[in-house]
Amino acid sequence: MHELGVVFHVIDQIEELAEENNVTHVNSVTLQIGTVTGIIPDYLIDCWNWAVSKHDNMTDCRLIIEKIEAITHCKDCKQNYNTIIYGKKCPYCQSDNTYLLQGNEFMIKEMEVI
Amino acid sequence: MENIRIIEVKQSVFAANDKRAAELRQSLKEKKIFLLNVMSSPGSGKTTTLTGIINLLKDEFRIGVMEADIDSDVDARTVSALTGVEAIQLHTGGMCHLDADMTRQGIEALSNKDGYDLIILENVGNLVCPAEFDTGAVRNMCILSVPEGDDKPLKYPLMFEVSNFVLINKIDVLDYFDFDMDKCKENIRYRNPNVDIFEICAKNGQGISEVADYIRDLIYEWRK
């Protein structure tokens, strides 16, 4: 359900950009999605394929997803580690004094258009 | 051959909503309207809690309520019947959250237009999606109830990161659940060190006046 709402937001933004750039058809859209956004790419693609069919200038528009790995930085020992495996606690020094460097991105990277 | 080109966008999907939310917040500031966004799981006691808070504030402030639900107008009718303040139902049309545009449209649908001191938005009952979209509210309040468990802040971190204050509801049934209050607060503060936490029981009114006082202070602060 959440993925559908997100798809509507993406399509709204794409439609605005298409108008600004005199686009007649959008062939593909590339998104960059962090692995801790909670977005499930397979669901997103299902919602996407349904939603673009309702837009004349986006029929059969492909959705390309690039994943961004989640990395957390430890402020105490200054090391970086994989967020998905270790979460908020630093595996090197066990500190909680950490923050997410990357992995919660949800970006429209580019679109291929005619 | 048609002319295929690539347009570099590099734009956050949430950026458009964030921008509209900031615009809405600015216009509310100018009109001295305090918008409170209330989020929680289904069945955490949102409507009962709000009813208690509204009854303590309604003589002092002009209050409007927007109930967001996928369908039905049960909540709006309940709140209106129990408090006498205006409550409208916003249908999200199957969507799991409200965004800034839907919130703005809801505010415009309230009958008194700009004649409010406090507008309460009861968001869709869900700990995931509403947290992702800034509604334009001045403050986010989250209600967590004892039967849901003290580990919810760990499972739904974003909700507790974006909430400015959290009410822990249904403390009258603490004895019947494996709910560790200290652990729960620790879990919430782990995600959000600046959060204010209140223990309440909406059913018997315990703790509600403290929350109402807190919201009153926030409203006066916002109007300065």
# chains A, B, ... in the order shown; residues from 1 in each chain; ligands from 1

$ select_by_dssp --residues "chain B" --states "helix (DSSP H, G or I)" --output "ChimeraX atom specification"
/B:15-31,46-57,74-83,100-109,129-132,146-148,152-155,157-162,171-176,181-191,208-223

$ residues_around --residues "segment 64-78 of chain A" --least-positions-apart "5" --cutoff "10 Å" --atoms "only C-alpha atoms" --output "MDAnalysis selection string"
chainID A and resid 28:37 41:42 44:45 83:111

$ select_by_dssp --residues "segment 69-179 of chain B" --states "strand (DSSP E or B)" --output "PyMOL selection string"
chain B and resi 69+86-91+118-122+139-145+165-169

$ closest_atom_pairs --of "chain B" --to "chain A" --cutoff "10 Å" --atoms "only C-alpha atoms" --output "JSON lines"
{"residue": "B:Glu2", "atom": "CA", "partner": "A:Ile114", "partner_atom": "CA", "distance": 6.8}
{"residue": "B:Asn3", "atom": "CA", "partner": "A:Ile114", "partner_atom": "CA", "distance": 5.6}
{"residue": "B:Ile4", "atom": "CA", "partner": "A:Ile114", "partner_atom": "CA", "distance": 4.7}
{"residue": "B:Arg5", "atom": "CA", "partner": "A:Val113", "partner_atom": "CA", "distance": 5.4}
{"residue": "B:Ile6", "atom": "CA", "partner": "A:Glu112", "partner_atom": "CA", "distance": 4.4}
{"residue": "B:Ile7", "atom": "CA", "partner": "A:Met111", "partner_atom": "CA", "distance": 5.3}
{"residue": "B:Glu8", "atom": "CA", "partner": "A:Glu110", "partner_atom": "CA", "distance": 4.4}
{"residue": "B:Val9", "atom": "CA", "partner": "A:Glu110", "partner_atom": "CA", "distance": 4.8}
{"residue": "B:Lys10", "atom": "CA", "partner": "A:Lys109", "partner_atom": "CA", "distance": 4.5}
{"residue": "B:Gln11", "atom": "CA", "partner": "A:Ile108", "partner_atom": "CA", "distance": 5.3}
{"residue": "B:Ser12", "atom": "CA", "partner": "A:Met107", "partner_atom": "CA", "distance": 4.2}
{"residue": "B:Val13", "atom": "CA", "partner": "A:Met107", "partner_atom": "CA", "distance": 5.4}
{"residue": "B:Phe14", "atom": "CA", "partner": "A:Phe106", "partner_atom": "CA", "distance": 7.6}
{"residue": "B:Ala15", "atom": "CA", "partner": "A:Met107", "partner_atom": "CA", "distance": 9.1}
{"residue": "B:Ala16", "atom": "CA", "partner": "A:Gln13", "partner_atom": "CA", "distance": 7.4}
{"residue": "B:Asn17", "atom": "CA", "partner": "A:His9", "partner_atom": "CA", "distance": 8.2}
{"residue": "B:Gly94", "atom": "CA", "partner": "A:Met1", "partner_atom": "CA", "distance": 7.9}
{"residue": "B:Met95", "atom": "CA", "partner": "A:Gly5", "partner_atom": "CA", "distance": 6.1}
{"residue": "B:Cys96", "atom": "CA", "partner": "A:His2", "partner_atom": "CA", "distance": 6.0}
{"residue": "B:His97", "atom": "CA", "partner": "A:His2", "partner_atom": "CA", "distance": 7.9}
{"residue": "B:Leu98", "atom": "CA", "partner": "A:Gly5", "partner_atom": "CA", "distance": 9.5}
{"residue": "B:Asp99", "atom": "CA", "partner": "A:Gly5", "partner_atom": "CA", "distance": 9.5}
{"residue": "B:Val128", "atom": "CA", "partner": "A:His2", "partner_atom": "CA", "distance": 8.4}
{"residue": "B:Cys129", "atom": "CA", "partner": "A:His2", "partner_atom": "CA", "distance": 6.1}
{"residue": "B:Pro130", "atom": "CA", "partner": "A:His2", "partner_atom": "CA", "distance": 9.3}
{"residue": "B:Glu132", "atom": "CA", "partner": "A:Thr37", "partner_atom": "CA", "distance": 9.3}
{"residue": "B:Phe133", "atom": "CA", "partner": "A:Val6", "partner_atom": "CA", "distance": 9.8}
{"residue": "B:Leu158", "atom": "CA", "partner": "A:Thr37", "partner_atom": "CA", "distance": 9.5}
{"residue": "B:Tyr190", "atom": "CA", "partner": "A:Asp96", "partner_atom": "CA", "distance": 8.5}
{"residue": "B:Arg191", "atom": "CA", "partner": "A:Lys88", "partner_atom": "CA", "distance": 9.4}

$ write_last_selection --atoms "C-alpha atoms" --output "short mmCIF file (atom, residue, chain, number, x, y, z; two decimals), in the first residue's frame"
data_model
loop_
_atom_site.label_atom_id
_atom_site.label_comp_id
_atom_site.auth_asym_id
_atom_site.auth_seq_id
_atom_site.Cartn_x
_atom_site.Cartn_y
_atom_site.Cartn_z
CA GLU B 2 13.17 9.47 -32.54
CA ASN B 3 15.37 11.70 -30.49
CA ILE B 4 16.02 9.91 -27.20
CA ARG B 5 17.62 11.95 -24.44
CA ILE B 6 18.47 11.47 -20.80
CA ILE B 7 17.39 14.07 -18.29
CA GLU B 8 19.41 14.08 -15.09
CA VAL B 9 17.05 14.70 -12.21
CA LYS B 10 18.86 13.96 -8.93
CA GLN B 11 15.82 14.94 -6.87
CA SER B 12 14.56 13.38 -3.68
CA VAL B 13 11.14 11.81 -4.07
CA PHE B 14 10.11 13.38 -0.80
CA ALA B 15 11.45 16.80 -1.84
CA ALA B 16 8.24 17.99 -3.50
CA ASN B 17 6.18 17.01 -0.48
CA GLY B 94 -6.95 3.68 -0.17
CA MET B 95 -3.72 5.48 0.62
CA CYS B 96 -1.91 4.65 3.83
CA HIS B 97 -0.88 8.15 4.81
CA LEU B 98 -1.63 11.83 4.33
CA ASP B 99 0.75 14.12 2.51
CA VAL B 128 5.13 3.11 8.94
CA CYS B 129 3.84 5.30 6.14
CA PRO B 130 2.61 8.46 7.91
CA GLU B 132 7.57 9.23 5.79
CA PHE B 133 5.49 12.20 4.71
CA LEU B 158 11.26 6.42 11.83
CA TYR B 190 17.43 5.58 21.73
CA ARG B 191 15.79 6.72 18.50
#

$ residues_around --residues "segment 47-51 of chain B" --least-positions-apart "5" --cutoff "10 Å" --atoms "only C-alpha atoms" --output "list in words"
Val38, Leu56, Val65, Glu67, Asp75, Ala76, Thr78, Val79, Ser80, Ala81, Leu82, Thr83, Gly84, Val85, Ile120, Glu122, Ile143, Leu167, Asn169, Ile200, Cys201, Ala202, Lys203, Gly205, Ile208, Val211 and Ala212 of chain B

$ residues_around --residues "Leu118 of chain B" --least-positions-apart "6" --cutoff "9 Å" --atoms "only C-alpha atoms" --output "VMD selection string"
chain B and resid 32 to 36 61 to 65 219

$ atom_distance --atom1 "atom CA of Glu199 of chain B" --atom2 "atom CA of Arg216 of chain B"
17.7 Å

$ residues_around --residues "Asp114 of chain B" --least-positions-apart "2" --cutoff "8 Å" --atoms "only C-alpha atoms" --output "number ranges by chain"
B: 31, 33, 112, 116

$ atom_distance --atom1 "atom CA of Tyr214 of chain B" --atom2 "atom CA of Phe179 of chain B"
25.4 Å

$ atom_distance --atom1 "atom CA of Met141 of chain B" --atom2 "atom CA of Val173 of chain B"
21.8 Å
